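**Student:** Before I ask anything, here is the structure I am working with.
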Amino acid sequence: MFHITAPAPGYALGLDGLEDRCKEYYKQGARFAKWRTTLKIDVGKSLPSEACIAVNAAGLADYASIAQKSGLVPIVEPEILIDGTHGVEISAVVAEHVISAVYDQLRVRQVLLEGTLLKPMMILPGSSWPEKVDPELVAAVTIKTMRRCVPAAVPGIMFLSGGMSEEQATVNLNKINILAKSDEKELICPWSLSFSYGRALQSSVLSTWGGKEETREDAKTVAVALARANSLAQQGLYEGPHPTTLQVSNLIEGFRGWRDPTDPDKKI
């Protein structure tokens, strides 16, 4: 798998020559590709703008079309960043608008939706929102938002873990799958609801390992435990306790250019 990412609130370059690269990656054994765009919510500045949403949706759709024609399964990732002071209601409205725009463009390009995957954020408030949000609320709002904008033809939604702790990512995914399998008609989902986590699968592992040979096996044990916990969560079967070794409330991203890693509150 290969992926391309874009800084917020801009858009990714790289479509030129992408078809040739996709064909070469396929020859090398790749079967999945991922293109990630990032959009930021700032109510005071009317972000994300309509222009930003439109250009990112078009770029994602162009990539998906090229990747699919080259034999790859395109993972489509329109990420809405966790930064901000907005509540979960604003997150839901923006997510519906952004994801709807993406699927409008995928249809225009006649991308076979059955041969794609969506990698969105769960519907969470901004990282500076002062109130704690219950996992059941996160799950219910996430499901309702996805039902409003993701076509049933899409086989799977693979949630990202941005802004959540390792345990929160597992607990929220578990609650999503419990509600999706419930008898409540407004929460029934046609898709597989799973995970495509980075930090929520790696942070405890890297912390345990620390680059030391003597802790390698301990890190492997943590990695397996985290994978198992999230495997159960995507079935709605996770019961705990969680194997995380970190004592943090969330995993703030500090390596893609919009945060100063030495000062998470400083935007760069």
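Lettering and numbering for the structure tokens are positional, with chains as A, B, ... in the shown order, residues counted from 1 in each chain, and ligands counted from 1 in the shown order.
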Name the residues in contact with Ser192 of chain A at a cut-off of 12 Å, using only C-alpha atoms, excluding same-chain residues fewer than 3 positions from it; report them as a list of chain:residue names.

**Tutor:**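 Using only C-alpha atoms, the neighbours found are A:Leu117, A:Leu118, A:Lys119, A:Ile143, A:Ala152, A:Ala153, A:Val154, A:Pro155, A:Gly156, A:Ile157, A:Met158, A:Phe159, A:Leu173, A:Ile176, A:Asn177, A:Ala180, A:Lys181, A:Ile188, A:Cys189, A:Phe195, A:Gln234, A:Gln235, A:Gly236.
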
**Student:** Excluding Leu106 of chain A and any residue of its chain fewer than 6 positions from it, enumerate the residues within 10 Å of it, using only C-alpha atoms, and give them as a PyMOL selection string.

**Tutor:** chain A and resi 57-65+100+112-113

**Student:** Store the residues picked out above in a file with C-alpha atoms, as a PDB file, in the first residue's frame.

**Tutor:**
ATOM      1  CA  ALA A  57     -13.212  16.025  -2.990  1.00  0.00           C
ATOM      2  CA  ALA A  58     -12.185  16.274  -6.631  1.00  0.00           C
ATOM      3  CA  GLY A  59      -8.615  15.286  -5.850  1.00  0.00           C
ATOM      4  CA  LEU A  60      -9.695  12.255  -3.832  1.00  0.00           C
ATOM      5  CA  ALA A  61     -12.021  11.166  -6.624  1.00  0.00           C
ATOM      6  CA  ASP A  62      -9.346  11.596  -9.299  1.00  0.00           C
ATOM      7  CA  TYR A  63      -6.935   9.510  -7.250  1.00  0.00           C
ATOM      8  CA  ALA A  64      -9.564   6.808  -6.610  1.00  0.00           C
ATOM      9  CA  SER A  65     -10.376   6.540 -10.290  1.00  0.00           C
ATOM     10  CA  SER A 100     -21.117  13.872   0.675  1.00  0.00           C
ATOM     11  CA  LEU A 112     -16.913   1.464  -8.533  1.00  0.00           C
ATOM     12  CA  LEU A 113     -17.887   2.053  -4.911  1.00  0.00           C
TER      13      LEU A 113
END

**Student:** Between A:Gly84, A:Gly17, A:Pro120, A:Pro78, which has the minimum distance to Ile41 of chain A (counting only C-alpha atoms)?

**Tutor:**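 Between A:Gly84, A:Gly17, A:Pro120, A:Pro78, the residue approaching Ile41 of chain A most closely is A:Gly84.
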
**Student:** So how far away is atom CA of Ala95 of chain A from atom CA of Lys40 of chain A, in Å?

**Tutor:**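 Interatomic distance here is 10.7 Å.
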
**Student:** Write out as a count of residues only each polymer residue whose atoms come within 7 Å of segment 133-141 of chain A, counting only C-alpha atoms; drop sequence neighbours fewer than 5 positions from it.

**Tutor:** 6

**Student:** Among the residues of segment 35-218 of chain A, find those DSSP assigns to alpha helix (DSSP H) from the backbone and print them as a PyMOL selection string.

**Tutor:** chain A and resi 50-69+88-108+135-149+166-180+199-209+216-218

**Student:** Any chance you could tabulate, as JSON lines, the residues of segment 164-206 of chain A at most 8 Å from segment 222-225 of chain A with each one's nearest atom pair and distance in Å to one decimal, using only C-alpha atoms, in chain and rising number order?

**Tutor:**
{"residue": "A:Leu201", "atom": "CA", "partner": "A:Ala223", "partner_atom": "CA", "distance": 7.0}
{"residue": "A:Gln202", "atom": "CA", "partner": "A:Ala223", "partner_atom": "CA", "distance": 7.2}
{"residue": "A:Ser204", "atom": "CA", "partner": "A:Val222", "partner_atom": "CA", "distance": 7.1}
{"residue": "A:Val205", "atom": "CA", "partner": "A:Ala223", "partner_atom": "CA", "distance": 5.7}

**Student:** Go ahead and write the selection's residues with C-alpha atoms as an mmCIF file, in the first residue's frame.

**Tutor:**
data_model
loop_
_atom_site.group_PDB
_atom_site.id
_atom_site.type_symbol
_atom_site.label_atom_id
_atom_site.label_comp_id
_atom_site.auth_asym_id
_atom_site.auth_seq_id
_atom_site.Cartn_x
_atom_site.Cartn_y
_atom_site.Cartn_z
ATOM 1 C CA LEU A 201 -1.908 0.659 17.524
ATOM 2 C CA GLN A 202 1.682 1.857 17.743
ATOM 3 C CA SER A 204 2.310 1.860 23.478
ATOM 4 C CA VAL A 205 4.392 -0.504 21.369
#

**Student:** From the DSSP assignment of the backbone, select every residue of segment 13-159 of chain A that is strand (DSSP E), and format the answer as a ChimeraX atom specification.

**Tutor:** /A:32-39,73-80,117-118,156-159

**Student:** Identify, on the basis of only C-alpha atoms, every residue whose closest approach to segment 44-54 of chain A does not exceed 12 Å; exclude the query and any residue fewer than 5 positions from it along the same chain; express the result as a PyMOL selection string.

**Tutor:** chain A and resi 6-12+37-39+59-61+78-81+83-86+90-91+93-105

**Student:** Counting only C-alpha atoms, what is within 6 Å of Ile82 of chain A, bar same-chain residues fewer than 2 positions away, as an mmCIF file with all heavy atoms, in the first residue's frame?

**Tutor:**
data_model
loop_
_atom_site.group_PDB
_atom_site.id
_atom_site.type_symbol
_atom_site.label_atom_id
_atom_site.label_comp_id
_atom_site.auth_asym_id
_atom_site.auth_seq_id
_atom_site.Cartn_x
_atom_site.Cartn_y
_atom_site.Cartn_z
ATOM 1 N N GLY A 126 -14.009 19.201 18.928
ATOM 2 C CA GLY A 126 -12.646 19.680 18.789
ATOM 3 C C GLY A 126 -11.825 19.398 20.030
ATOM 4 O O GLY A 126 -12.362 19.242 21.133
ATOM 5 N N SER A 127 -10.508 19.328 19.860
ATOM 6 C CA SER A 127 -9.625 18.961 20.962
ATOM 7 C C SER A 127 -9.671 19.952 22.117
ATOM 8 O O SER A 127 -9.301 19.611 23.244
ATOM 9 C CB SER A 127 -8.183 18.830 20.452
ATOM 10 O OG SER A 127 -7.760 20.032 19.831
ATOM 11 N N GLY A 163 -6.763 11.987 17.508
ATOM 12 C CA GLY A 163 -7.338 12.735 18.603
ATOM 13 C C GLY A 163 -7.802 11.917 19.783
ATOM 14 O O GLY A 163 -8.198 12.478 20.811
#

**Student:** Work out how far atom CA of Glu184 of chain A is from atom CA of Glu167 of chain A, in Å to one decimal.

**Tutor:**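 Computing the Euclidean distance for atom CA of Glu167 of chain A and atom CA of Glu184 of chain A yields 26.0 Å.
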
**Student:** What does the structure give for the distance between atom CA of Ala227 of chain A and atom CA of Glu239 of chain A, in Å to one decimal?

**Tutor:**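 Those two atoms sit 14.1 Å apart.
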